[in-house]
Amino acid sequence: MNPNNISANTTNPIQIAQLNAQLRKHVVVQLLNHFGHGLNIILLQKPDWGFIGRNPDRNIQILDVTQPGHPTTTIINIYNDTAKGKECILNQLQQTNTNLPQHPTIITGDFNLHHPLWSREDHKYHDNQLTENIVDWLLSEGYSLVNKQGKITHLAQHNGKRPSVIDLSFVNSKARNQNTIKNWAIQPLLSLDSDHNTIQFKFTIDHGLTEIKNICGLRYRFKDVDPSEWINAFEEEAENSSTVLSKLASINSLTPNQLDLYAETLTQTIHAATSRMAKERKNKPNSKVG
C-alpha cells in the first residue's frame, strides 16, 4: 500500500474476519488458508484450542490497534457463553461496571443472545432479564448495533433448530461518529463447515471534515407528499426503532454518548420515512438552495 495515497486524516484500512469455529481445527485451518493473505486480523470464537483470552476469563480478547499519529482503536472480541448464566462475559462486564474505552471501540463476536433489536421478526422472543440487562448496559454506554435486523448469522443444521442472529457487532459513539467500521458484511458462503457465517469488515478512522455541497441536505421533493401519510410512515419506522428510542427516552439524564445514539436513531427514522414517501431530488453539483 502506498502511504502517499492515504490522507493524513485517515488511518490505513484494517481488514478483519470473525467466525465461531466451534472447536473444529479444520475450520480454523480453512479460514487461515482462505483469508490468510487478505486479512490483518482474524477474530475467532471457540477455536479448536478452546479459548480466546487468558485467565481469569478466557472468553474475551482485547486488541488495541494504534497507527502513528492516530488514536488507538480497541476491538473487544467475545464469546458470550450464556450456559454460564450470570457468569457469561457480557453480564460480568455489565455487573462490574467495567470502564469501557472512550476512544473508538468495537465489541464483536458470538453474543448467544436473542432480542428484538436484532432477531428476526418471526423469532419467538421470550423476555429474558439477563439479555435486557446487557442491552440496557450497551445502550447506556452509547453503543449501537452494526448488524441489520433479521440478517441470519447462525445457521440451522439440526432438526428443531431455526436460523438466528447471534453474531453481532456494536460500536461506541466515537467509532460511529468517525465512521470506523466499513463494508460490514455476512458471508454465508464462507461458513467453512461451521454453523455460523463468517463476518467481514474493515475499519479506518477519518479525522478529516467532508465538504457539504448542500448545507440543508435537501435530497427529496416534498411538494406532492401528503403530511398525514408521511406521519404514518414515520410512526411505522419509529416502531422499528422503538427498542432503542424507548430505552433512551426512559433515562432522565442522557450522557453525550447516549445523546449521539438518540440523535442518530431519530435521524435514521426520519430519513427512512422520507425515502418511502418522497421522490429523491436530483441536485446539480453546484446548485444553490433558496
# chains A, B, ... in the order shown; residues from 1 in each chain; ligands from 1
call {"tool": "closest_atom_pairs", "arguments": {"of": "stretch 140-187 of chain A", "to": "stretch 232-240 of chain A", "cutoff": "12 Å", "atoms": "only C-alpha atoms", "output": "CSV"}}
result
residue,atom,partner,partner_atom,distance
A:Lys148,CA,A:Asn240,CA,11.7
A:Gln149,CA,A:Asn240,CA,9.5
A:Gly150,CA,A:Asn240,CA,11.9
call {"tool": "residues_around", "arguments": {"residues": "A:Asp122", "least_positions_apart": "6", "cutoff": "12 Å", "atoms": "only C-alpha atoms", "output": "PDB file with N, CA, C and O atoms, in the first residue's frame"}}
result
ATOM      1  N   HIS A 114     -30.776 -13.481  22.090  1.00  0.00           N
ATOM      2  CA  HIS A 114     -31.864 -13.138  21.173  1.00  0.00           C
ATOM      3  C   HIS A 114     -32.574 -11.903  21.720  1.00  0.00           C
ATOM      4  O   HIS A 114     -32.862 -11.815  22.916  1.00  0.00           O
ATOM      5  N   HIS A 115     -32.868 -10.950  20.804  1.00  0.00           N
ATOM      6  CA  HIS A 115     -33.507  -9.712  21.243  1.00  0.00           C
ATOM      7  C   HIS A 115     -34.168  -9.053  20.022  1.00  0.00           C
ATOM      8  O   HIS A 115     -33.666  -9.171  18.903  1.00  0.00           O
ATOM      9  N   PRO A 116     -35.294  -8.356  20.223  1.00  0.00           N
ATOM     10  CA  PRO A 116     -35.977  -7.707  19.092  1.00  0.00           C
ATOM     11  C   PRO A 116     -35.120  -6.700  18.345  1.00  0.00           C
ATOM     12  O   PRO A 116     -35.398  -6.388  17.185  1.00  0.00           O
ATOM     13  N   GLN A 149     -31.187  -5.756  11.261  1.00  0.00           N
ATOM     14  CA  GLN A 149     -32.102  -6.639  11.969  1.00  0.00           C
ATOM     15  C   GLN A 149     -32.549  -7.797  11.084  1.00  0.00           C
ATOM     16  O   GLN A 149     -32.925  -7.627   9.940  1.00  0.00           O
ATOM     17  N   GLY A 150     -32.491  -9.003  11.652  1.00  0.00           N
ATOM     18  CA  GLY A 150     -33.023 -10.185  10.988  1.00  0.00           C
ATOM     19  C   GLY A 150     -32.099 -10.869  10.009  1.00  0.00           C
ATOM     20  O   GLY A 150     -32.444 -11.931   9.473  1.00  0.00           O
ATOM     21  N   ARG A 162     -33.811 -23.284  14.404  1.00  0.00           N
ATOM     22  CA  ARG A 162     -34.125 -22.297  13.380  1.00  0.00           C
ATOM     23  C   ARG A 162     -32.934 -21.359  13.203  1.00  0.00           C
ATOM     24  O   ARG A 162     -32.184 -21.116  14.157  1.00  0.00           O
ATOM     25  N   PRO A 163     -32.758 -20.822  11.985  1.00  0.00           N
ATOM     26  CA  PRO A 163     -31.690 -19.837  11.788  1.00  0.00           C
ATOM     27  C   PRO A 163     -31.897 -18.655  12.732  1.00  0.00           C
ATOM     28  O   PRO A 163     -33.030 -18.295  13.062  1.00  0.00           O
ATOM     29  N   SER A 164     -30.807 -18.050  13.164  1.00  0.00           N
ATOM     30  CA  SER A 164     -30.923 -16.959  14.126  1.00  0.00           C
ATOM     31  C   SER A 164     -29.833 -15.917  13.916  1.00  0.00           C
ATOM     32  O   SER A 164     -28.950 -16.070  13.067  1.00  0.00           O
ATOM     33  N   VAL A 165     -29.919 -14.876  14.707  1.00  0.00           N
ATOM     34  CA  VAL A 165     -28.955 -13.772  14.648  1.00  0.00           C
ATOM     35  C   VAL A 165     -28.303 -13.668  16.022  1.00  0.00           C
ATOM     36  O   VAL A 165     -28.905 -13.153  16.960  1.00  0.00           O
TER      37      VAL A 165
END
call {"tool": "closest_atom_pairs", "arguments": {"of": "stretch 104-215 of chain A", "to": "stretch 59-75 of chain A", "cutoff": "8 Å", "atoms": "only C-alpha atoms", "output": "Markdown table"}}
result
| residue | atom | partner | partner_atom | distance |
| --- | --- | --- | --- | --- |
| A:Pro104 | CA | A:Thr73 | CA | 5.0 |
| A:Thr105 | CA | A:Thr74 | CA | 4.7 |
| A:Ile106 | CA | A:Ile75 | CA | 4.8 |
| A:Ile107 | CA | A:Ile75 | CA | 6.1 |
| A:Thr108 | CA | A:Ile75 | CA | 7.5 |
call {"tool": "write_last_selection", "arguments": {"atoms": "N, CA, C and O atoms", "output": "PDB file, in the first residue's frame"}}
result
ATOM      1  N   PRO A 104     -12.384   5.178  19.980  1.00  0.00           N
ATOM      2  CA  PRO A 104     -13.179   4.286  19.134  1.00  0.00           C
ATOM      3  C   PRO A 104     -13.041   2.819  19.555  1.00  0.00           C
ATOM      4  O   PRO A 104     -11.924   2.304  19.670  1.00  0.00           O
ATOM      5  N   THR A 105     -14.190   2.173  19.774  1.00  0.00           N
ATOM      6  CA  THR A 105     -14.192   0.805  20.299  1.00  0.00           C
ATOM      7  C   THR A 105     -15.271  -0.025  19.608  1.00  0.00           C
ATOM      8  O   THR A 105     -16.383   0.451  19.373  1.00  0.00           O
ATOM      9  N   ILE A 106     -14.909  -1.263  19.294  1.00  0.00           N
ATOM     10  CA  ILE A 106     -15.809  -2.220  18.655  1.00  0.00           C
ATOM     11  C   ILE A 106     -15.946  -3.430  19.578  1.00  0.00           C
ATOM     12  O   ILE A 106     -14.939  -4.002  20.000  1.00  0.00           O
ATOM     13  N   ILE A 107     -17.175  -3.799  19.912  1.00  0.00           N
ATOM     14  CA  ILE A 107     -17.431  -5.051  20.628  1.00  0.00           C
ATOM     15  C   ILE A 107     -18.084  -6.005  19.639  1.00  0.00           C
ATOM     16  O   ILE A 107     -19.152  -5.712  19.094  1.00  0.00           O
ATOM     17  N   THR A 108     -17.446  -7.140  19.395  1.00  0.00           N
ATOM     18  CA  THR A 108     -17.921  -8.034  18.348  1.00  0.00           C
ATOM     19  C   THR A 108     -17.693  -9.480  18.755  1.00  0.00           C
ATOM     20  O   THR A 108     -16.845  -9.783  19.598  1.00  0.00           O
TER      21      THR A 108
END
call {"tool": "residues_around", "arguments": {"residues": "stretch 168-180 of chain A", "least_positions_apart": "3", "cutoff": "8 Å", "atoms": "only C-alpha atoms", "output": "mmCIF file with C-alpha atoms, in the first residue's frame"}}
result
data_model
loop_
_atom_site.group_PDB
_atom_site.id
_atom_site.type_symbol
_atom_site.label_atom_id
_atom_site.label_comp_id
_atom_site.auth_asym_id
_atom_site.auth_seq_id
_atom_site.Cartn_x
_atom_site.Cartn_y
_atom_site.Cartn_z
ATOM 1 C CA GLN A 102 -13.551 6.263 25.490
ATOM 2 C CA HIS A 103 -11.691 6.111 22.179
ATOM 3 C CA PRO A 104 -13.179 4.286 19.134
ATOM 4 C CA THR A 105 -14.192 0.805 20.299
ATOM 5 C CA ILE A 106 -15.809 -2.220 18.655
ATOM 6 C CA ILE A 107 -17.431 -5.051 20.628
ATOM 7 C CA THR A 108 -17.921 -8.034 18.348
ATOM 8 C CA GLY A 109 -18.312 -11.808 18.478
ATOM 9 C CA ASP A 110 -20.829 -14.514 19.344
ATOM 10 C CA PHE A 111 -23.297 -12.936 21.793
ATOM 11 C CA GLU A 141 -22.754 3.264 27.270
ATOM 12 C CA GLY A 142 -23.697 4.762 23.905
ATOM 13 C CA TYR A 143 -23.133 1.621 21.815
ATOM 14 C CA SER A 144 -25.162 0.949 18.683
ATOM 15 C CA LEU A 145 -25.643 -2.186 16.612
ATOM 16 C CA VAL A 146 -23.932 -2.604 13.243
ATOM 17 C CA ASN A 147 -25.981 -5.645 12.122
ATOM 18 C CA VAL A 165 -28.955 -13.772 14.648
ATOM 19 C CA PHE A 203 -12.037 -0.301 9.911
ATOM 20 C CA THR A 204 -10.448 3.063 9.349
ATOM 21 C CA ILE A 205 -10.762 6.299 11.281
ATOM 22 C CA ASP A 206 -11.420 9.518 9.421
ATOM 23 C CA HIS A 207 -10.500 12.649 11.369
ATOM 24 C CA ASN A 257 -22.811 9.130 24.038
ATOM 25 C CA ASP A 260 -25.427 10.848 19.982
ATOM 26 C CA LEU A 261 -27.168 7.480 19.717
#
call {"tool": "residues_around", "arguments": {"residues": "A:Ile52", "least_positions_apart": "2", "cutoff": "10 Å", "atoms": "only C-alpha atoms", "output": "compact mmCIF listing (two decimals) with C-alpha atoms, in the first residue's frame"}}
result
# COMPACT_ATOMS: atom_id res chain seq x y z
CA LEU A 43 -11.23 -12.96 15.28
CA LEU A 44 -12.19 -16.44 16.42
CA GLN A 45 -14.76 -17.64 18.90
CA LYS A 46 -14.46 -21.21 20.18
CA PRO A 47 -11.22 -22.06 18.31
CA TRP A 49 -7.76 -24.88 21.40
CA GLY A 50 -10.87 -23.85 23.32
CA ARG A 54 -6.32 -15.53 29.31
CA ASP A 57 -11.92 -15.23 31.83
CA ARG A 58 -10.92 -16.93 28.62
CA ASN A 59 -13.98 -15.78 26.66
CA ILE A 60 -12.75 -12.26 25.98
CA GLN A 61 -9.91 -10.92 23.86
CA ILE A 62 -8.99 -7.23 23.82
CA ASN A 77 -13.74 -9.99 20.77
CA ILE A 78 -16.12 -12.03 22.93
CA TYR A 79 -17.70 -15.44 23.19
call {"tool": "select_by_dssp", "arguments": {"residues": "stretch 93-243 of chain A", "states": "strand (DSSP E)", "output": "VMD selection string"}}
result
chain A and resid 105 to 110 144 to 145 167 to 171 181 to 187 198 to 203 220 to 221
